[in-house]
Protein chains: 4
Amino acid sequence: MAPAGAKRNILERLDAGEIVIGDGGFVFALEKRGYVKAGPWTPEAAAEHPDAVRQLHREFLRAGSNVMQTFTFYASDDKLENRGHTQRFTGQQINEAACDLAREVADEGDALVAGGVSQTPSFLSCKSEEDVKAIFKKQTDIYIQRNVDFLIAEYFEHVEEAEWAVQVLKTSGKPVAASLCIGPEGDLSGVRPGDCAVRLVKAGADIVGVNCHFDPETCVKTVKLMKEGVEKAGLKAHYMSQPLAYHTPDCNRQGFIDLPEFPFGLEPRILTRWDMQKYARDAYNAGIRYIGGCCGFEPYHIRALSEELATERGFLPAGSEKHGSWGSGLMMHTKPWVRARARREYWEKLRPASGRPLCPSMSTPDSWGVTKGHADLMQQKEATSKEQLEALFEKTRQGC
Amino acid sequence: MAPAGAKRNILERLDAGEIVIGDGGFVFALEKRGYVKAGPWTPEAAAEHPDAVRQLHREFLRAGSNVMQTFTFYASDDKLENRGHTQRFTGQQINEAACDLAREVADEGDALVAGGVSQTPSFLSCKSEEDVKAIFKKQTDIYIQRNVDFLIAEYFEHVEEAEWAVQVLKTSGKPVAASLCIGPEGDLSGVRPGDCAVRLVKAGADIVGVNCHFDPETCVKTVKLMKEGVEKAGLKAHYMSQPLAYHTPDCNRQGFIDLPEFPFGLEPRILTRWDMQKYARDAYNAGIRYIGGCCGFEPYHIRALSEELATERGFLPAGSEKHGSWGSGLMMHTKPWVRARARREYWEKLRPASGRPLCPSMSTPDSWGVTKGHADLMQQKEATSKEQLEALFEKTRQGC
Amino acid sequence: MAPAGAKRNILERLDAGEIVIGDGGFVFALEKRGYVKAGPWTPEAAAEHPDAVRQLHREFLRAGSNVMQTFTFYASDDKLENRGHTQRFTGQQINEAACDLAREVADEGDALVAGGVSQTPSFLSCKSEEDVKAIFKKQTDIYIQRNVDFLIAEYFEHVEEAEWAVQVLKTSGKPVAASLCIGPEGDLSGVRPGDCAVRLVKAGADIVGVNCHFDPETCVKTVKLMKEGVEKAGLKAHYMSQPLAYHTPDCNRQGFIDLPEFPFGLEPRILTRWDMQKYARDAYNAGIRYIGGCCGFEPYHIRALSEELATERGFLPAGSEKHGSWGSGLMMHTKPWVRARARREYWEKLRPASGRPLCPSMSTPDSWGVTKGHADLMQQKEATSKEQLEALFEKTRQGC
Amino acid sequence: MAPAGAKRNILERLDAGEIVIGDGGFVFALEKRGYVKAGPWTPEAAAEHPDAVRQLHREFLRAGSNVMQTFTFYASDDKLENRGHTQRFTGQQINEAACDLAREVADEGDALVAGGVSQTPSFLSCKSEEDVKAIFKKQTDIYIQRNVDFLIAEYFEHVEEAEWAVQVLKTSGKPVAASLCIGPEGDLSGVRPGDCAVRLVKAGADIVGVNCHFDPETCVKTVKLMKEGVEKAGLKAHYMSQPLAYHTPDCNRQGFIDLPEFPFGLEPRILTRWDMQKYARDAYNAGIRYIGGCCGFEPYHIRALSEELATERGFLPAGSEKHGSWGSGLMMHTKPWVRARARREYWEKLRPASGRPLCPSMSTPDSWGVTKGHADLMQQKEATSKEQLEALFEKTRQGC
């Protein structure tokens, strides 16, 4: 493999019109494997169970990913301290371990390392711009010290906080991507996607887009609105999308967090590999060139993106040695009626059944409609008390 | 950790009334991770990508599994040669590597190693009892040589072939389990579950049950019928179930292979962790004590079995350090309406939506109704020809 | 039109191999029109609103019905007095008015008049055979006096009570049909369909079958079992089916009464005209020659039966002047994409959507599992008390 | 009953803040009864089968309707001549008979007679304003001569044609209502609901709103937009809604015509009486005071509107003698678990199952996107030719 320094950086690739395949989300994948706790969603596994994290990096690399994001989601100190969570590792230890794992695997193939920051409890609790930026600075310093290839400000519900993050990341001199977790209705303060994108570009982002919170269809639609906004403003940018691997036609502005199935009943919504190929094509057609995934993505989902765009990229990923395009591997199946499924037409037209005749196809999301600054969202170091929980349970029982 | 020799064997555990938690299916889990090819479904990854296989073993161990099954599904020589598939590794190499990986991880915890044999293309092609037994013998010799803890004859559609397998495995002197892939209607020759079980016990099986092909509800129902048959015959046995992690209320006798979604569109059918807790309880109440999983199971599914039966077993699995029972980890969530989901009542009653309003809840399975001996099922070393495929496509197009 | 006396009777028709098209259920159709009260389900409209009843008879006649059943369902005196219901009309007045209306319309076309008796609260309350038969005798006397063409004992959950009814009806000297409201599992005492049918034939029934409680698919399946039983016993009979116009794949032995949607939320289950054509064909293929409907049938449903069997009968019903077979009337539609639906293939393959993404496709029926003789089912003249209702509500609230 | 002249007219009622309950659609209801042909949808039954039409009027009156619309939908001469349809009756005969029937029944209760005109094939074929107005004039003359109480211009997809209709109707000196068949996206020329409403009021309409094409939820939403537009323009009007009785969450701008289920597979979409009560409440809360229905409405649907608004109106309709509010009639039911459904909470929360596990919950509408002036929509007197149909079938087959 070529040394890291020899690789073209993210902007060289995008400027040349190449497709950059992202990776999938680590917290959900590792939760299923037993290394991340749903609720806190913190990434201590980077330090605690490095083998498990390294293996997941390798699977995404093998599936065709060009980016290894450091497993540092929610690894800011204020988040690690939030709501009574205690750690065996410091934030610094986790961030450093995550950088080393990402670099190790990136160097086994054609991938870049991206360090990331995401929204903070401090912002929701109305801390000052200075306080919030100090949190971003702390993580950024580690990324600079560990020499990641570029930086991502991702998973922001409010464009204002994302701007602050971009401004901090920009001081590194590295390329900066900015990705909000918003849908077509815009951010939680009501700023439209087009306006969000313009503000992020003006703050210094080279790549703008969305991640998490919505399904591919919704995310592509949102990025299109961003692109229209940027172009209308006479600016230039590259575009990225890293959606959920869950169908979410029933979401409101807050995204999948508000669905009753979040986070332990989302299984029936998981996208198939064919849904993913459709997503890759739609994103490509929309002018998006950094195409990856977030929560719910498994390695085979990323491989499906790589396979759909194999012609444009000029190659199949290593992982396709174990996958026949459009189901052609089934030609080897014992039963002839299964061999008959070895064709594109079959899988493209399939409307897969849920096997759940007692369940509906859509849900009504929770809609509390509160956001930054609301008392219910204030940061709280101690665990939620029994009384607080009972009050919550009662409140929701009446609604259901 | 105690040395392998020091562990109580599978029968000592079951005789003592203990619960034995099995592992999940490797071919589906590793297909999603990029190491197994759907269609051939062969386990060359044991030799080719041992890190990936070892990691999956560890995740199941961490989730509470007491059994590490060698990753040797379809690793008989006749299967490896079937339909034009060529390998970089011999059957022996694969089988040996799989034994070593299972032993390595089993010795990291309280787990036993189980070597397995499964149904053969030779049987379907009407080869003689002698020929078929020779195939089982070859794998069994490796398991004896590698000193596995017990043996499983699993995934048989015809009880006759399973009897042959049990007879061969029994020569090892080790405990033998026998597991058919049948539902309440019985095997593909029309033998009822109760009669199947009696025949397997008489052939020498210590543990009988079912695996694969059907969802937990159907499998528990089938094992109940087996148990009734064995008891009515005045015999004794232990019982096991290792079902799919897919809801299959719409299956006919052939199981999930015949569902139109098999194998690349099964996502909406994946069981939640709460479905799994229900399964564990139902299996336990039915008198089943060897409770595991098959295709579709991820480590968190096995962990759910361990959590449901934690009181009976007296402990939680290691992996529960990253999981709050009944969603209690959500008490740490930022949004109060998500914290309100941190309770058993919420998750037990949830009817999760598919997010697929254009899809049905059930499918009509293919129903060719052919089995052993039919020309369409004869073993064929060369790949299916283009003409054979076109004929198949045409045949099914008219039906759909 | 020919005088009533000149018409061939029901047995002459069936003996000649002809198809007899029944009518649809009156209580549900007239409930929707505002003339029957759900709950009591009594037929006082025959006396109270004769125009409305006459109009419905005419619509069924026009749709091709060969039978006008007198609108006398639940018109036994013990039923009319049950649970606090008071009437402006005596049972005799209602029964006589119903006979006159049926005769008037039957004489406008090629239809026979059938008088019916159905299960009694007295039987459920364990009254004697003598008492129950006296109730049937009272209605039968009116039918004899009004000279109906044949008699039907219909809507019986227990074959024993149906035998008593047949024995009474048989004394009239008129042809007798007997129709249970059971499914493939048999009657509520556990008697299998085949055995039920044999007992009814031995009691004197010329025609046996099922009505109400289940969808067409289930009813045809049940009548097949009846036919097998009768033939195995070396007996002879004609067969009838008059199912619901509601899809009920989720029913248990008690039928649609136990579905949570009964009776005010059944709309999404209503059969289309194409479902009805399939029913007519399936019933015909099963050897059923008296083919009609029960609750939920509207005139266009009966017309669909007549259209499906037009070739076998040799004619279309009068109502088909307003219906193009298989949607051909759409050739006249303004929009070309609607004209494109004017073909059999389109409607046969259509899988109609519910337009209800928040609703499931199947329900879990109530399953109290009580029947004849249970305290909860005892006849009670006074209305259910407030305390009785509150106890019931509480009981069911806990279950849901 | 009071003589017609003694009744307060529609505007007196609405000006006084009273609720006016409309009737339901006749073409769909009479199609199910066998008197209207789907495709042409013409109202010759008024002359051909007056008993059937009178009976339906009476059922709506009994359900609480304050308006008897003359059954004259599509009774313009150009429509009656369209696409090869031939009639035994002239347009004049049909229109006159319909007026007489409506008047006869209206005089049996507290209802007004409304004469209606609707969109014409001539407009779609780009005939001149003069030609189109002449068609409206011809029907209007009959309504004046028969002395209806007020006039409705209804079922217009283009506001321009509706304005022409209003202008003609206005010459009668009678109150005029105008009702488009549009959704929130506006008319087929892209005019927004608010702007449509303003134009109709300026053309002379006293009452504006929508009918047909969409479900109640969508219609109420659309009328709200109309109301906002009218109020923003500083104008005044009364508001009406007469939606479908079918759930149509999946419709595009063209409405239910484009759903694959139209018109012969809509059954699973039919609203329950509880859905109707919700509609009545929502409409009332939105400031709509003329609340009725269109295609799919049966008398019990209108009764449900009357029952929901009984407190506001001060009385229950006559038909409620056969209906217990919120299911209270079930207190008389034989089975105790059915008696337990005799309460509002039960029916309000029920999510009724479709009984169709192989069907989806939503459809993809046809979207040809053509309208007025397109060659495919030109008026054609002769029936569609076989070649035209074959071309259409082929075109749509490829799409499905």
# chains A, B, ... in the order shown; residues from 1 in each chain; ligands from 1
>>> select_by_dssp(residues="stretch 59-116 of chain C", states="strand (DSSP E)", output="short mmCIF file (atom, residue, chain, number, x, y, z; two decimals) with N, CA and C atoms, in the first residue's frame")
data_model
loop_
_atom_site.label_atom_id
_atom_site.label_comp_id
_atom_site.auth_asym_id
_atom_site.auth_seq_id
_atom_site.Cartn_x
_atom_site.Cartn_y
_atom_site.Cartn_z
N VAL C 67 -82.90 -16.38 -4.95
CA VAL C 67 -83.55 -16.61 -3.66
C VAL C 67 -83.80 -15.28 -2.96
N MET C 68 -85.01 -15.07 -2.52
CA MET C 68 -85.32 -13.94 -1.65
C MET C 68 -85.53 -14.52 -0.26
N GLN C 69 -84.55 -14.33 0.61
CA GLN C 69 -84.77 -14.82 1.98
C GLN C 69 -85.65 -13.82 2.71
N LEU C 112 -87.05 -17.65 -5.80
CA LEU C 112 -87.87 -18.38 -4.83
C LEU C 112 -87.82 -17.67 -3.49
N VAL C 113 -88.83 -17.93 -2.67
CA VAL C 113 -88.85 -17.34 -1.33
C VAL C 113 -88.40 -18.40 -0.32
N ALA C 114 -87.45 -17.99 0.51
CA ALA C 114 -86.99 -18.90 1.56
C ALA C 114 -87.24 -18.29 2.92
N GLY C 115 -87.90 -19.08 3.79
CA GLY C 115 -88.10 -18.64 5.16
C GLY C 115 -87.03 -19.23 6.04
N GLY C 116 -86.56 -18.45 7.02
CA GLY C 116 -85.43 -18.95 7.79
C GLY C 116 -85.63 -18.91 9.29
#
>>> interface_residues(of="chain D", to="chain C", cutoff="7 Å", atoms="only C-alpha atoms", output="MDAnalysis selection string")
chainID D and resid 32:40 52 55 59 83 247:249 261 264:265 267:272 298:300 319 322:323 329:336 340 351:357 359:363 376:377 383:384 389 392:393 396
>>> atom_distance(atom1="atom CA of C:Thr171", atom2="atom CA of C:Val27")
27.9 Å
>>> select_by_dssp(residues="stretch 311-396 of chain A", states="alpha helix (DSSP H)", output="list in words")
Thr311, Glu312, Arg313, Pro336, Trp337, Val338, Arg339, Arg344, Glu345, Tyr346, Trp347, Glu348, Lys349, Lys386, Glu387, Gln388, Leu389, Glu390, Ala391, Leu392, Phe393, Glu394, Lys395 and Thr396 of chain A
>>> residues_around(residues="C:Ile135", least_positions_apart="6", cutoff="10 Å", atoms="only C-alpha atoms", output="PyMOL selection string")
chain C and resi 76-79+117+120+122+165+168
>>> write_last_selection(atoms="N, CA and C atoms", output="PDB file, in the first residue's frame")
ATOM      1  N   SER C  76     -87.277 -14.438  16.247  1.00  0.00           N
ATOM      2  CA  SER C  76     -87.972 -15.309  17.200  1.00  0.00           C
ATOM      3  C   SER C  76     -88.354 -14.479  18.426  1.00  0.00           C
ATOM      4  N   ASP C  77     -89.427 -14.864  19.068  1.00  0.00           N
ATOM      5  CA  ASP C  77     -89.927 -14.060  20.183  1.00  0.00           C
ATOM      6  C   ASP C  77     -88.908 -13.948  21.305  1.00  0.00           C
ATOM      7  N   ASP C  78     -88.198 -15.044  21.582  1.00  0.00           N
ATOM      8  CA  ASP C  78     -87.250 -14.975  22.700  1.00  0.00           C
ATOM      9  C   ASP C  78     -86.125 -13.991  22.385  1.00  0.00           C
ATOM     10  N   LYS C  79     -85.755 -13.911  21.106  1.00  0.00           N
ATOM     11  CA  LYS C  79     -84.705 -12.959  20.719  1.00  0.00           C
ATOM     12  C   LYS C  79     -85.227 -11.533  20.784  1.00  0.00           C
ATOM     13  N   VAL C 117     -84.948 -19.824   9.962  1.00  0.00           N
ATOM     14  CA  VAL C 117     -84.827 -19.758  11.423  1.00  0.00           C
ATOM     15  C   VAL C 117     -83.347 -19.795  11.755  1.00  0.00           C
ATOM     16  N   THR C 120     -81.011 -19.587  18.766  1.00  0.00           N
ATOM     17  CA  THR C 120     -81.843 -18.904  19.752  1.00  0.00           C
ATOM     18  C   THR C 120     -81.073 -18.654  21.053  1.00  0.00           C
ATOM     19  N   SER C 122     -82.390 -19.080  23.737  1.00  0.00           N
ATOM     20  CA  SER C 122     -82.860 -20.165  24.602  1.00  0.00           C
ATOM     21  C   SER C 122     -81.885 -21.328  24.609  1.00  0.00           C
ATOM     22  N   ALA C 165     -83.576 -27.696  14.650  1.00  0.00           N
ATOM     23  CA  ALA C 165     -84.261 -26.798  13.710  1.00  0.00           C
ATOM     24  C   ALA C 165     -84.678 -27.553  12.453  1.00  0.00           C
ATOM     25  N   VAL C 168     -87.704 -29.665  12.933  1.00  0.00           N
ATOM     26  CA  VAL C 168     -88.947 -28.890  12.938  1.00  0.00           C
ATOM     27  C   VAL C 168     -89.320 -28.440  11.526  1.00  0.00           C
TER      28      VAL C 168
END
>>> residues_around(residues="D:Lys224", least_positions_apart="6", cutoff="10 Å", atoms="only C-alpha atoms", output="list in words")
Pro184, Pro193, Gly194, Gly209, Thr218, Val230, Tyr239, Ala283, Ala286, Gly287 and Ile288 of chain D
>>> write_last_selection(atoms="C-alpha atoms", output="tab-separated table (two decimals), in the first residue's frame")
chain	number	residue	atom	x	y	z
D	184	PRO	CA	-53.77	21.62	-1.26
D	193	PRO	CA	-56.50	27.08	-3.32
D	194	GLY	CA	-56.49	30.54	-1.78
D	209	GLY	CA	-65.11	24.83	-0.97
D	218	THR	CA	-57.05	16.59	2.69
D	230	VAL	CA	-60.51	34.83	1.03
D	239	TYR	CA	-67.31	27.35	3.32
D	283	ALA	CA	-64.40	20.55	9.50
D	286	ALA	CA	-61.91	24.77	10.63
D	287	GLY	CA	-64.91	27.04	10.27
D	288	ILE	CA	-66.67	24.97	7.63
>>> atom_distance(atom1="atom CA of A:Val191", atom2="atom CA of A:His158")
8.4 Å
>>> residues_around(residues="stretch 48-50 of chain C", least_positions_apart="5", cutoff="9 Å", atoms="only C-alpha atoms", output="list in words")
Tyr35, Gln55, Arg88, Phe89, Ile94, Ala97, Ala98 and Leu101 of chain C
>>> residues_around(residues="B:Gln242", least_positions_apart="6", cutoff="6 Å", atoms="only C-alpha atoms", output="PyMOL selection string")
chain B and resi 211+292-294
>>> write_last_selection(atoms="N, CA and C atoms", output="PDB file, in the first residue's frame")
ATOM      1  N   ASN B 211     -33.484 -26.286  13.672  1.00  0.00           N
ATOM      2  CA  ASN B 211     -32.737 -25.045  13.442  1.00  0.00           C
ATOM      3  C   ASN B 211     -33.083 -24.505  12.058  1.00  0.00           C
ATOM      4  N   GLY B 292     -30.632 -21.327  21.076  1.00  0.00           N
ATOM      5  CA  GLY B 292     -29.700 -20.500  20.301  1.00  0.00           C
ATOM      6  C   GLY B 292     -30.364 -19.952  19.061  1.00  0.00           C
ATOM      7  N   GLY B 293     -29.558 -19.668  18.051  1.00  0.00           N
ATOM      8  CA  GLY B 293     -30.105 -19.060  16.847  1.00  0.00           C
ATOM      9  C   GLY B 293     -29.423 -19.539  15.587  1.00  0.00           C
ATOM     10  N   CYS B 294     -29.941 -19.090  14.468  1.00  0.00           N
ATOM     11  CA  CYS B 294     -29.383 -19.480  13.177  1.00  0.00           C
ATOM     12  C   CYS B 294     -29.313 -18.224  12.293  1.00  0.00           C
TER      13      CYS B 294
END
>>> atom_distance(atom1="atom CA of A:Asp110", atom2="atom CA of A:Asp149")
12.4 Å
